[in-house]
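In what follows, a single structure is set out as C-alpha cells and then discussed.
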Amino acid sequence: MELIKNYFFDEGAYDYHDGAYKHLIRPKTKTHKLIIPKVLKADKIEGNTTYYTIHAQEGETNILDGKATHTWGYNGSLLGPLIRYQSGRHYHLTLVNDLPEVTTWHWHGLNIPGPIEDGGPHAPVLPGKSREIEFDVNQPTMTAWLHPHPCPHTAEQGWKGLAAPVAVVNPLDDLPQLPHTWGVDDIPLIFQDRTFHDSQWDYQADYDMDGTLGDTALVNGTVNAEFTVTRPCLRLRVLNGANRRELRLNSDQNIVMTQIASDGGFLPHAVEMTKIMLTNAERAEILLDFSDYKKGDRIVLKADDVPILTLKVGEFTEDNRRQLPKTLKQIERDFTGSPSHQVIMEGMDDSVRINGKLYDMTRIDDRQEIGKNEIWDVSNTNDSMPGMGMIHPFHMHGTEFLVLSRNGKKPYPNEFGFKDTVAVNPGEHVKLLVKFNVPGIFMYHCHILEHEDTGMMAQIEAVDPNNPQHWNLKDLCDKNMPDSNMQM
C-alpha cells in the first residue's frame, strides 16, 4: 500500500491565503484531559422502537483556566453525548428547546425523511417548546453528527457549542476487527476553533461573512488536550466541526494515519497517509498503530503547525490489533452517463449563490425520483475572481453519494467510499452519483456555515412516484416560522 505524504486539494485556495485568516495560537493554559462525550441513554426501549430525549440548552463550561465560558450544548453545557443508532430499528425522539431562541435538530449524515425529521430550517422548535419525531434508520455503519440548522442562524448556534457525535451501527457491514470500546480505543475527535474574549465567546465580534474563524483550537471542547493510549490500536472518528477553518491534520512524528472510513461509512480499501485534510463537516475514521512505541512516548497531533492533541502512551491493557480484510466494503463504481443535475457554487461574502440564486425556503430548485441513480455536476467558479479562489465544501441532506471524478480524473484516494460532503476546488467540476432512498424536501449547500446562512443553499424534492406527496412550502413556513428573520 502506497503511503501518501501530501495533502490533496489546491494549495493556492487553502483558507490561510485569505486576508482575514486567523492563525491558530496555543493558549497559555495547563494541559487538560481530553473530554470524551458520554453515550446517550435511551428513555425506554419497546420492541423495535428506541426512545431518546435531547435537550438544547445553555450552560457554563470550564475550558480555559479560570473563569467558565458561557456555552450551549445538547443534554449538557457544551457539544453533546454520543447518539447511537442501530440500522433496522425505529426511533422516537423528543426534541426540547431550552434555549432563548428558535433552533432545529439536523441529523447530518442520516438518510431520514425531510424536511421535518431531517431537521432543516422548516422544522423549528420554539423556546420552551418541544417536537416529537419518528424515523427508521436503514444505512451502513458510519459516523454522522447532530447540529442546528435554523436559517439564518446556523453558524452562530454552532459557534456557541451545539454539536454532537452520532454513530450508526449496521451488523451487516460492521467490522468486528476494529476497536469498539468507546472512550478507550474508539474516540471522537471533534475539531473546532474559537476566539476567547475574557474567557467568553463573542460571535458578533468575530463574525466574518466568508466564514468565522477563531484563534484557539478545541478538540471535543478541550484546549491543550491530552489522551492516554492504553491499547496499541487507536480508532479516531475525526470531524471537522468548524464554521470555516480547514483541518489539515498531521503529527510531529509523521505517524501513519490509516483511513478506513469517510462520511458515509467504510472505504473499499484502507488508505495510509501521514497528512489528511478535512473541510467543514467532513469526517474520517482513522487507525493509529502505537505498537512500536513505549510507555511515556508522546505523539502530538497538529492542525497545520499548531498542536491540538497530545497522545501519551501508557500501559497497554490488552492487544487489540486485528488483521483487517483487504476489502473493507464492496462498492460498485462502474457508472457512466451525462449529468442530470448541475450545481454552480459561486461568489464570496454576500454575493454567494447556487446557480445564480439565493436560497428561498418556499422554492423547490430540483427534483429526483427515489431509488434512481443520477449524476450531478458540482462546480466552483471562484477561479474567475483573481486572488479570491476558495474551496467550497458541498453538502447534501438525506443521502450519501459517490464521487465519480474531479475534472474528469479519478477522485482523491480516500474518496472512493460514500460521502455527504465533498470539497470542490476553484475552477473544478466534481461529478457525483446520487441516489435518494427516502422521500422529502432536502437542502444542498456550501457547508461554510456563514455561506449557507447568507443564502448559498438550495433544495431538492426526492419524489416517491408510488406515493406522491404535495408540499405547500409557503404554508409550512407560515405555520412554523415565528420570526420573519428565519426566512430569507
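Identifiers in the C-alpha cells: chain A, B, ... in order shown; residue index from 1 per chain; ligand index from 1 in order shown.
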
Give me the residues near Thr399 of chain A as a PyMOL selection string, where near means some atom within 9 Å (using only C-alpha atoms) and where sequence neighbours in that chain fewer than 2 positions away do not count.
chain A and resi 109-112+264+396-397+401+419-420+434-438

Can you write out the residues you just picked, keeping all heavy atoms, as a compact mmCIF listing (two decimals), in the first residue's frame?
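Okay, this is what ended up in again37.txt:
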# COMPACT_ATOMS: atom_id res chain seq x y z
N GLY A 109 -25.98 13.41 7.93
CA GLY A 109 -25.49 12.09 7.56
C GLY A 109 -26.53 11.00 7.67
O GLY A 109 -26.30 9.89 7.17
N LEU A 110 -27.68 11.28 8.30
CA LEU A 110 -28.74 10.27 8.39
C LEU A 110 -29.65 10.38 7.17
O LEU A 110 -30.03 11.48 6.75
CB LEU A 110 -29.58 10.46 9.65
CG LEU A 110 -28.94 10.12 10.99
CD1 LEU A 110 -30.02 10.07 12.07
CD2 LEU A 110 -28.16 8.82 10.97
N ASN A 111 -30.01 9.23 6.62
CA ASN A 111 -30.94 9.18 5.50
C ASN A 111 -32.35 8.97 6.05
O ASN A 111 -32.85 7.84 6.11
CB ASN A 111 -30.57 8.05 4.53
CG ASN A 111 -29.22 8.26 3.90
OD1 ASN A 111 -28.69 9.37 3.93
ND2 ASN A 111 -28.64 7.23 3.34
N ILE A 112 -32.95 10.06 6.47
CA ILE A 112 -34.28 10.03 7.03
C ILE A 112 -35.13 11.07 6.30
O ILE A 112 -34.59 11.98 5.69
CB ILE A 112 -34.27 10.29 8.56
CG1 ILE A 112 -33.61 11.63 8.88
CG2 ILE A 112 -33.54 9.15 9.28
CD1 ILE A 112 -33.61 11.99 10.36
N GLY A 264 -19.78 8.56 4.78
CA GLY A 264 -20.87 7.60 4.67
C GLY A 264 -20.53 6.17 5.02
O GLY A 264 -21.31 5.26 4.75
N MET A 396 -25.00 17.53 0.87
CA MET A 396 -26.38 17.18 0.54
C MET A 396 -27.03 16.51 1.74
O MET A 396 -26.45 15.62 2.36
CB MET A 396 -26.43 16.23 -0.67
CG MET A 396 -25.92 16.83 -1.95
SD MET A 396 -26.16 15.73 -3.38
CE MET A 396 -27.92 15.99 -3.69
N HIS A 397 -28.24 16.92 2.05
CA HIS A 397 -29.04 16.27 3.09
C HIS A 397 -29.71 15.02 2.52
O HIS A 397 -29.98 14.93 1.32
CB HIS A 397 -30.14 17.20 3.59
CG HIS A 397 -29.68 18.39 4.37
ND1 HIS A 397 -30.42 18.93 5.40
CD2 HIS A 397 -28.56 19.15 4.28
CE1 HIS A 397 -29.79 19.97 5.90
NE2 HIS A 397 -28.66 20.14 5.23
N PHE A 401 -23.45 10.05 -1.41
CA PHE A 401 -23.15 9.95 -2.83
C PHE A 401 -21.75 9.38 -3.03
O PHE A 401 -20.94 9.30 -2.09
CB PHE A 401 -23.26 11.32 -3.51
CG PHE A 401 -22.53 12.44 -2.80
CD1 PHE A 401 -21.14 12.52 -2.83
CD2 PHE A 401 -23.23 13.41 -2.09
CE1 PHE A 401 -20.46 13.54 -2.17
CE2 PHE A 401 -22.56 14.44 -1.44
CZ PHE A 401 -21.17 14.51 -1.48
N LYS A 419 -20.00 9.50 0.58
CA LYS A 419 -19.82 10.75 1.28
C LYS A 419 -21.11 11.56 1.26
O LYS A 419 -21.99 11.29 0.45
CB LYS A 419 -18.69 11.58 0.63
CG LYS A 419 -17.30 10.97 0.81
CD LYS A 419 -16.22 11.79 0.14
CE LYS A 419 -16.08 13.18 0.72
NZ LYS A 419 -15.73 13.20 2.16
N ASP A 420 -21.19 12.55 2.14
CA ASP A 420 -22.30 13.51 2.07
C ASP A 420 -21.78 14.93 1.93
O ASP A 420 -22.54 15.86 1.74
CB ASP A 420 -23.24 13.40 3.27
CG ASP A 420 -22.55 13.60 4.61
OD1 ASP A 420 -21.85 14.60 4.78
OD2 ASP A 420 -22.71 12.73 5.49
N VAL A 434 -25.66 10.15 -7.26
CA VAL A 434 -26.57 10.42 -6.16
C VAL A 434 -27.80 9.53 -6.28
O VAL A 434 -28.39 9.41 -7.36
CB VAL A 434 -27.02 11.91 -6.16
CG1 VAL A 434 -28.03 12.17 -5.05
CG2 VAL A 434 -25.80 12.82 -6.02
N LYS A 435 -28.19 8.94 -5.14
CA LYS A 435 -29.45 8.19 -5.08
C LYS A 435 -30.12 8.47 -3.75
O LYS A 435 -29.50 8.34 -2.69
CB LYS A 435 -29.23 6.68 -5.24
CG LYS A 435 -30.54 5.89 -5.20
CD LYS A 435 -30.34 4.41 -5.55
CE LYS A 435 -29.69 3.65 -4.42
NZ LYS A 435 -29.68 2.19 -4.68
N PHE A 436 -31.38 8.89 -3.79
CA PHE A 436 -32.17 9.08 -2.57
C PHE A 436 -32.97 7.82 -2.30
O PHE A 436 -33.58 7.24 -3.22
CB PHE A 436 -33.12 10.27 -2.73
CG PHE A 436 -32.45 11.61 -2.71
CD1 PHE A 436 -32.02 12.20 -3.89
CD2 PHE A 436 -32.24 12.28 -1.52
CE1 PHE A 436 -31.39 13.43 -3.88
CE2 PHE A 436 -31.61 13.52 -1.51
CZ PHE A 436 -31.19 14.10 -2.69
N ASN A 437 -32.99 7.40 -1.05
CA ASN A 437 -33.77 6.23 -0.64
C ASN A 437 -35.00 6.60 0.18
O ASN A 437 -35.82 5.73 0.47
CB ASN A 437 -32.90 5.25 0.14
CG ASN A 437 -31.83 4.61 -0.73
OD1 ASN A 437 -32.10 4.23 -1.87
ND2 ASN A 437 -30.62 4.52 -0.22
N VAL A 438 -35.09 7.87 0.59
CA VAL A 438 -36.24 8.33 1.37
C VAL A 438 -36.78 9.59 0.71
O VAL A 438 -36.03 10.38 0.13
CB VAL A 438 -35.88 8.60 2.84
CG1 VAL A 438 -35.53 7.32 3.56
CG2 VAL A 438 -34.72 9.59 2.93

Distance table requested - segment 197-249 of chain A against segment 52-63 of chain A, cut-off 12 Å, only C-alpha atoms: one row per qualifying residue with the closest atom pair and its distance in Å to one decimal, ordered by chain and rising residue number, as JSON lines.
{"residue": "A:Asp198", "atom": "CA", "partner": "A:Ile63", "partner_atom": "CA", "distance": 11.9}
{"residue": "A:Ser199", "atom": "CA", "partner": "A:Ile63", "partner_atom": "CA", "distance": 8.1}
{"residue": "A:Gln200", "atom": "CA", "partner": "A:Ile63", "partner_atom": "CA", "distance": 9.7}
{"residue": "A:Trp201", "atom": "CA", "partner": "A:Ile63", "partner_atom": "CA", "distance": 11.2}
{"residue": "A:Thr216", "atom": "CA", "partner": "A:Ile63", "partner_atom": "CA", "distance": 11.1}
{"residue": "A:Ala217", "atom": "CA", "partner": "A:Ile63", "partner_atom": "CA", "distance": 11.3}
{"residue": "A:Leu218", "atom": "CA", "partner": "A:Ile63", "partner_atom": "CA", "distance": 9.1}
{"residue": "A:Val219", "atom": "CA", "partner": "A:Ile63", "partner_atom": "CA", "distance": 10.9}
{"residue": "A:Asn220", "atom": "CA", "partner": "A:Ile63", "partner_atom": "CA", "distance": 10.6}
{"residue": "A:Gly221", "atom": "CA", "partner": "A:Ile63", "partner_atom": "CA", "distance": 7.1}
{"residue": "A:Thr222", "atom": "CA", "partner": "A:Ile63", "partner_atom": "CA", "distance": 6.3}
{"residue": "A:Val223", "atom": "CA", "partner": "A:Ile63", "partner_atom": "CA", "distance": 6.7}
{"residue": "A:Asn224", "atom": "CA", "partner": "A:Ile63", "partner_atom": "CA", "distance": 9.8}
{"residue": "A:Ala225", "atom": "CA", "partner": "A:Ile63", "partner_atom": "CA", "distance": 10.5}

As an exercise, work out the distance from atom CA of Gly114 of chain A to atom CA of Lys44 of chain A in Å and give it to one decimal place.
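Between atom CA of Gly114 of chain A and atom CA of Lys44 of chain A the gap works out to 25.2 Å.
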
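As for atom CA of Ile299 of chain A and atom CA of His17 of chain A, they are spaced 28.2 Å apart.
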
Go through segment 186-231 of chain A and flag each residue having an atom no more than 12 Å from segment 292-298 of chain A; for those, report the closest pair of atoms plus their distance in Å to one decimal, using only C-alpha atoms, ordered by chain and rising number, as a Markdown table.
| residue | atom | partner | partner_atom | distance |
| --- | --- | --- | --- | --- |
| A:Glu226 | CA | A:Arg298 | CA | 9.7 |
| A:Phe227 | CA | A:Arg298 | CA | 9.8 |
| A:Thr228 | CA | A:Arg298 | CA | 9.3 |
| A:Val229 | CA | A:Lys295 | CA | 9.2 |
| A:Thr230 | CA | A:Lys295 | CA | 9.4 |
| A:Arg231 | CA | A:Tyr293 | CA | 11.0 |

Please identify which residues in segment 86-300 of chain A DSSP calls strand (DSSP E or B) from the backbone, and express them as a ChimeraX atom specification.
/A:86,90-97,103,106-108,114,125,130-136,142-147,164-169,182,186-194,197,200,216-219,222,225-229,233-240,247-251,257-262,265-273,276-278,283-289,298-300

Please identify all polymer residues within 8 Å of Ala458 of chain A, counting only C-alpha atoms, omitting same-chain residues fewer than 3 positions from it, and present them as a count of residues only.
9

I need the residues in segment 67-272 of chain A that are alpha helix (DSSP H) according to DSSP; give them as a JSON list (two decimals) with N, CA and C atoms, in the first residue's frame.
[["chain", "number", "residue", "atom", "x", "y", "z"],
["A", 154, "THR", "N", -27.65, 29.25, 11.72],
["A", 154, "THR", "CA", -26.91, 28.01, 11.91],
["A", 154, "THR", "C", -25.50, 28.28, 12.43],
["A", 155, "ALA", "N", -24.81, 29.23, 11.81],
["A", 155, "ALA", "CA", -23.41, 29.48, 12.15],
["A", 155, "ALA", "C", -23.26, 29.93, 13.60],
["A", 156, "GLU", "N", -24.10, 30.85, 14.03],
["A", 156, "GLU", "CA", -23.97, 31.38, 15.39],
["A", 156, "GLU", "C", -24.30, 30.31, 16.43],
["A", 157, "GLN", "N", -25.34, 29.51, 16.19],
["A", 157, "GLN", "CA", -25.69, 28.48, 17.16],
["A", 157, "GLN", "C", -24.63, 27.38, 17.22],
["A", 158, "GLY", "N", -24.04, 27.07, 16.07],
["A", 158, "GLY", "CA", -22.93, 26.12, 16.08],
["A", 158, "GLY", "C", -21.73, 26.68, 16.83],
["A", 159, "TRP", "N", -21.47, 27.97, 16.62],
["A", 159, "TRP", "CA", -20.35, 28.64, 17.30],
["A", 159, "TRP", "C", -20.52, 28.58, 18.81],
["A", 203, "TYR", "N", -19.63, 35.80, 19.15],
["A", 203, "TYR", "CA", -19.75, 35.52, 17.72],
["A", 203, "TYR", "C", -19.83, 36.80, 16.90],
["A", 204, "GLN", "N", -20.57, 37.79, 17.37],
["A", 204, "GLN", "CA", -20.72, 39.02, 16.61],
["A", 204, "GLN", "C", -19.39, 39.76, 16.49],
["A", 205, "ALA", "N", -18.57, 39.70, 17.52],
["A", 205, "ALA", "CA", -17.27, 40.37, 17.47],
["A", 205, "ALA", "C", -16.33, 39.71, 16.48],
["A", 206, "ASP", "N", -16.45, 38.40, 16.31],
["A", 206, "ASP", "CA", -15.54, 37.65, 15.45],
["A", 206, "ASP", "C", -16.13, 37.34, 14.08]]

Rounded to one decimal, what separation in Å do you get between atom CA of Gly47 of chain A and atom CA of Val168 of chain A?
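According to the coordinates, atom CA of Gly47 of chain A and atom CA of Val168 of chain A are separated by 18.8 Å.
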
Per-residue nearest contacts segment 88-195 of chain A to segment 269-278 of chain A, cut-off 12 Å, using only C-alpha atoms, as CSV:
residue,atom,partner,partner_atom,distance
A:Ile190,CA,A:Leu278,CA,11.7
A:Phe191,CA,A:Leu278,CA,10.1
A:Gln192,CA,A:Leu278,CA,12.0

For the residues in the current selection, export N, CA, C and O atoms as a PDB file, in the first residue's frame.
ATOM      1  N   ILE A 190     -13.548  15.874  17.667  1.00  0.00           N
ATOM      2  CA  ILE A 190     -14.376  16.941  17.107  1.00  0.00           C
ATOM      3  C   ILE A 190     -13.551  18.222  17.127  1.00  0.00           C
ATOM      4  O   ILE A 190     -13.316  18.818  18.184  1.00  0.00           O
ATOM      5  N   PHE A 191     -13.092  18.627  15.959  1.00  0.00           N
ATOM      6  CA  PHE A 191     -12.217  19.790  15.840  1.00  0.00           C
ATOM      7  C   PHE A 191     -13.043  21.045  15.622  1.00  0.00           C
ATOM      8  O   PHE A 191     -13.933  21.097  14.761  1.00  0.00           O
ATOM      9  N   GLN A 192     -12.740  22.091  16.404  1.00  0.00           N
ATOM     10  CA  GLN A 192     -13.372  23.401  16.236  1.00  0.00           C
ATOM     11  C   GLN A 192     -12.353  24.480  16.586  1.00  0.00           C
ATOM     12  O   GLN A 192     -11.288  24.193  17.141  1.00  0.00           O
TER      13      GLN A 192
END

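Using only C-alpha atoms, the smallest distance between any of A:Gly417, A:Gly119, A:Pro165, A:Gly214 and Pro268 of chain A comes from A:Gly417.
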
Ala13 of chain A environment, 12 Å, only C-alpha atoms, sequence neighbours closer than 3 positions dropped, as a PDB file with N, CA and C atoms, in the first residue's frame:
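Contents of the output file result_3.pdb:
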ATOM      1  N   PHE A   8      -4.218  16.716  -0.220  1.00  0.00           N
ATOM      2  CA  PHE A   8      -4.871  16.849  -1.506  1.00  0.00           C
ATOM      3  C   PHE A   8      -5.361  18.305  -1.642  1.00  0.00           C
ATOM      4  N   PHE A   9      -6.145  18.574  -2.645  1.00  0.00           N
ATOM      5  CA  PHE A   9      -6.727  19.886  -2.913  1.00  0.00           C
ATOM      6  C   PHE A   9      -5.670  20.880  -3.419  1.00  0.00           C
ATOM      7  N   ASP A  10      -6.162  22.026  -3.895  1.00  0.00           N
ATOM      8  CA  ASP A  10      -5.308  23.044  -4.497  1.00  0.00           C
ATOM      9  C   ASP A  10      -4.787  23.981  -3.408  1.00  0.00           C
ATOM     10  N   TYR A  16      -5.772  29.668   4.545  1.00  0.00           N
ATOM     11  CA  TYR A  16      -4.783  30.569   5.119  1.00  0.00           C
ATOM     12  C   TYR A  16      -4.290  31.634   4.140  1.00  0.00           C
ATOM     13  N   HIS A  17      -4.752  31.587   2.887  1.00  0.00           N
ATOM     14  CA  HIS A  17      -4.419  32.649   1.938  1.00  0.00           C
ATOM     15  C   HIS A  17      -5.387  33.834   2.037  1.00  0.00           C
ATOM     16  N   ASP A  18      -6.475  33.643   2.766  1.00  0.00           N
ATOM     17  CA  ASP A  18      -7.471  34.707   2.902  1.00  0.00           C
ATOM     18  C   ASP A  18      -6.889  35.858   3.730  1.00  0.00           C
ATOM     19  N   GLU A 246     -10.357  24.998   7.615  1.00  0.00           N
ATOM     20  CA  GLU A 246      -9.991  23.692   7.070  1.00  0.00           C
ATOM     21  C   GLU A 246      -9.058  22.992   8.050  1.00  0.00           C
ATOM     22  N   ASN A 380     -17.268  24.927  -8.957  1.00  0.00           N
ATOM     23  CA  ASN A 380     -16.896  26.082  -8.146  1.00  0.00           C
ATOM     24  C   ASN A 380     -16.270  27.099  -9.096  1.00  0.00           C
ATOM     25  N   ASN A 382     -15.114  30.114  -8.439  1.00  0.00           N
ATOM     26  CA  ASN A 382     -14.314  31.164  -7.803  1.00  0.00           C
ATOM     27  C   ASN A 382     -12.979  31.408  -8.489  1.00  0.00           C
ATOM     28  N   ASP A 383     -12.574  30.535  -9.406  1.00  0.00           N
ATOM     29  CA  ASP A 383     -11.319  30.767 -10.099  1.00  0.00           C
ATOM     30  C   ASP A 383     -11.383  31.981 -11.019  1.00  0.00           C
ATOM     31  N   MET A 385     -12.316  34.815 -10.156  1.00  0.00           N
ATOM     32  CA  MET A 385     -12.104  36.019  -9.340  1.00  0.00           C
ATOM     33  C   MET A 385     -10.642  36.050  -8.900  1.00  0.00           C
ATOM     34  N   PRO A 386      -9.798  36.868  -9.524  1.00  0.00           N
ATOM     35  CA  PRO A 386      -8.359  36.874  -9.229  1.00  0.00           C
ATOM     36  C   PRO A 386      -8.077  37.057  -7.743  1.00  0.00           C
ATOM     37  N   GLY A 387      -7.281  36.132  -7.192  1.00  0.00           N
ATOM     38  CA  GLY A 387      -6.912  36.210  -5.787  1.00  0.00           C
ATOM     39  C   GLY A 387      -8.036  35.885  -4.826  1.00  0.00           C
ATOM     40  N   MET A 388      -9.176  35.425  -5.336  1.00  0.00           N
ATOM     41  CA  MET A 388     -10.343  35.199  -4.486  1.00  0.00           C
ATOM     42  C   MET A 388     -10.785  33.742  -4.499  1.00  0.00           C
ATOM     43  N   GLY A 389      -9.959  32.862  -5.060  1.00  0.00           N
ATOM     44  CA  GLY A 389     -10.358  31.467  -5.131  1.00  0.00           C
ATOM     45  C   GLY A 389     -10.401  30.821  -3.762  1.00  0.00           C
ATOM     46  N   MET A 390     -11.479  30.111  -3.469  1.00  0.00           N
ATOM     47  CA  MET A 390     -11.568  29.401  -2.208  1.00  0.00           C
ATOM     48  C   MET A 390     -12.270  28.068  -2.443  1.00  0.00           C
ATOM     49  N   ILE A 391     -11.980  27.116  -1.581  1.00  0.00           N
ATOM     50  CA  ILE A 391     -12.592  25.795  -1.657  1.00  0.00           C
ATOM     51  C   ILE A 391     -13.970  25.867  -1.011  1.00  0.00           C
ATOM     52  N   HIS A 392     -14.977  25.343  -1.706  1.00  0.00           N
ATOM     53  CA  HIS A 392     -16.323  25.262  -1.137  1.00  0.00           C
ATOM     54  C   HIS A 392     -16.660  23.804  -0.817  1.00  0.00           C
ATOM     55  N   ALA A 423     -15.398  18.571  -0.919  1.00  0.00           N
ATOM     56  CA  ALA A 423     -14.796  19.876  -1.143  1.00  0.00           C
ATOM     57  C   ALA A 423     -14.479  20.036  -2.626  1.00  0.00           C
ATOM     58  N   VAL A 424     -14.828  21.208  -3.164  1.00  0.00           N
ATOM     59  CA  VAL A 424     -14.646  21.481  -4.587  1.00  0.00           C
ATOM     60  C   VAL A 424     -13.660  22.634  -4.742  1.00  0.00           C
ATOM     61  N   ASN A 425     -12.566  22.362  -5.455  1.00  0.00           N
ATOM     62  CA  ASN A 425     -11.545  23.378  -5.703  1.00  0.00           C
ATOM     63  C   ASN A 425     -12.066  24.457  -6.651  1.00  0.00           C
ATOM     64  N   PRO A 426     -11.494  25.656  -6.633  1.00  0.00           N
ATOM     65  CA  PRO A 426     -11.872  26.685  -7.610  1.00  0.00           C
ATOM     66  C   PRO A 426     -11.630  26.198  -9.040  1.00  0.00           C
ATOM     67  N   GLY A 427     -12.586  26.433  -9.902  1.00  0.00           N
ATOM     68  CA  GLY A 427     -12.467  26.033 -11.291  1.00  0.00           C
ATOM     69  C   GLY A 427     -12.686  24.570 -11.563  1.00  0.00           C
ATOM     70  N   GLU A 428     -13.154  23.849 -10.569  1.00  0.00           N
ATOM     71  CA  GLU A 428     -13.263  22.396 -10.684  1.00  0.00           C
ATOM     72  C   GLU A 428     -14.706  21.954 -10.885  1.00  0.00           C
TER      73      GLU A 428
END

When you look at Ile25 of chain A with a cut-off of 7 Å (counting only C-alpha atoms), what residues show up, excluding the ones that are within fewer than 2 positions of it in the same chain? I need them as an mmCIF file with N, CA, C and O atoms, in the first residue's frame.
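Dumped to around.cif:
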data_model
loop_
_atom_site.group_PDB
_atom_site.id
_atom_site.type_symbol
_atom_site.label_atom_id
_atom_site.label_comp_id
_atom_site.auth_asym_id
_atom_site.auth_seq_id
_atom_site.Cartn_x
_atom_site.Cartn_y
_atom_site.Cartn_z
ATOM 1 N N HIS A 23 -4.507 32.925 12.270
ATOM 2 C CA HIS A 23 -3.645 31.789 12.578
ATOM 3 C C HIS A 23 -3.973 31.262 13.975
ATOM 4 O O HIS A 23 -4.284 32.032 14.891
ATOM 5 N N PRO A 27 -3.044 28.276 23.445
ATOM 6 C CA PRO A 27 -3.365 29.061 24.638
ATOM 7 C C PRO A 27 -2.432 28.734 25.794
ATOM 8 O O PRO A 27 -1.950 27.607 25.929
ATOM 9 N N ASP A 215 -9.045 31.755 16.983
ATOM 10 C CA ASP A 215 -7.591 31.608 17.049
ATOM 11 C C ASP A 215 -7.143 30.486 17.981
ATOM 12 O O ASP A 215 -5.942 30.266 18.156
ATOM 13 N N THR A 216 -8.108 29.794 18.597
ATOM 14 C CA THR A 216 -7.774 28.729 19.544
ATOM 15 C C THR A 216 -8.457 27.441 19.129
ATOM 16 O O THR A 216 -9.671 27.424 18.896
ATOM 17 N N VAL A 306 0.157 23.751 14.528
ATOM 18 C CA VAL A 306 -0.221 24.033 15.916
ATOM 19 C C VAL A 306 -0.719 22.761 16.603
ATOM 20 O O VAL A 306 -1.640 22.094 16.107
#
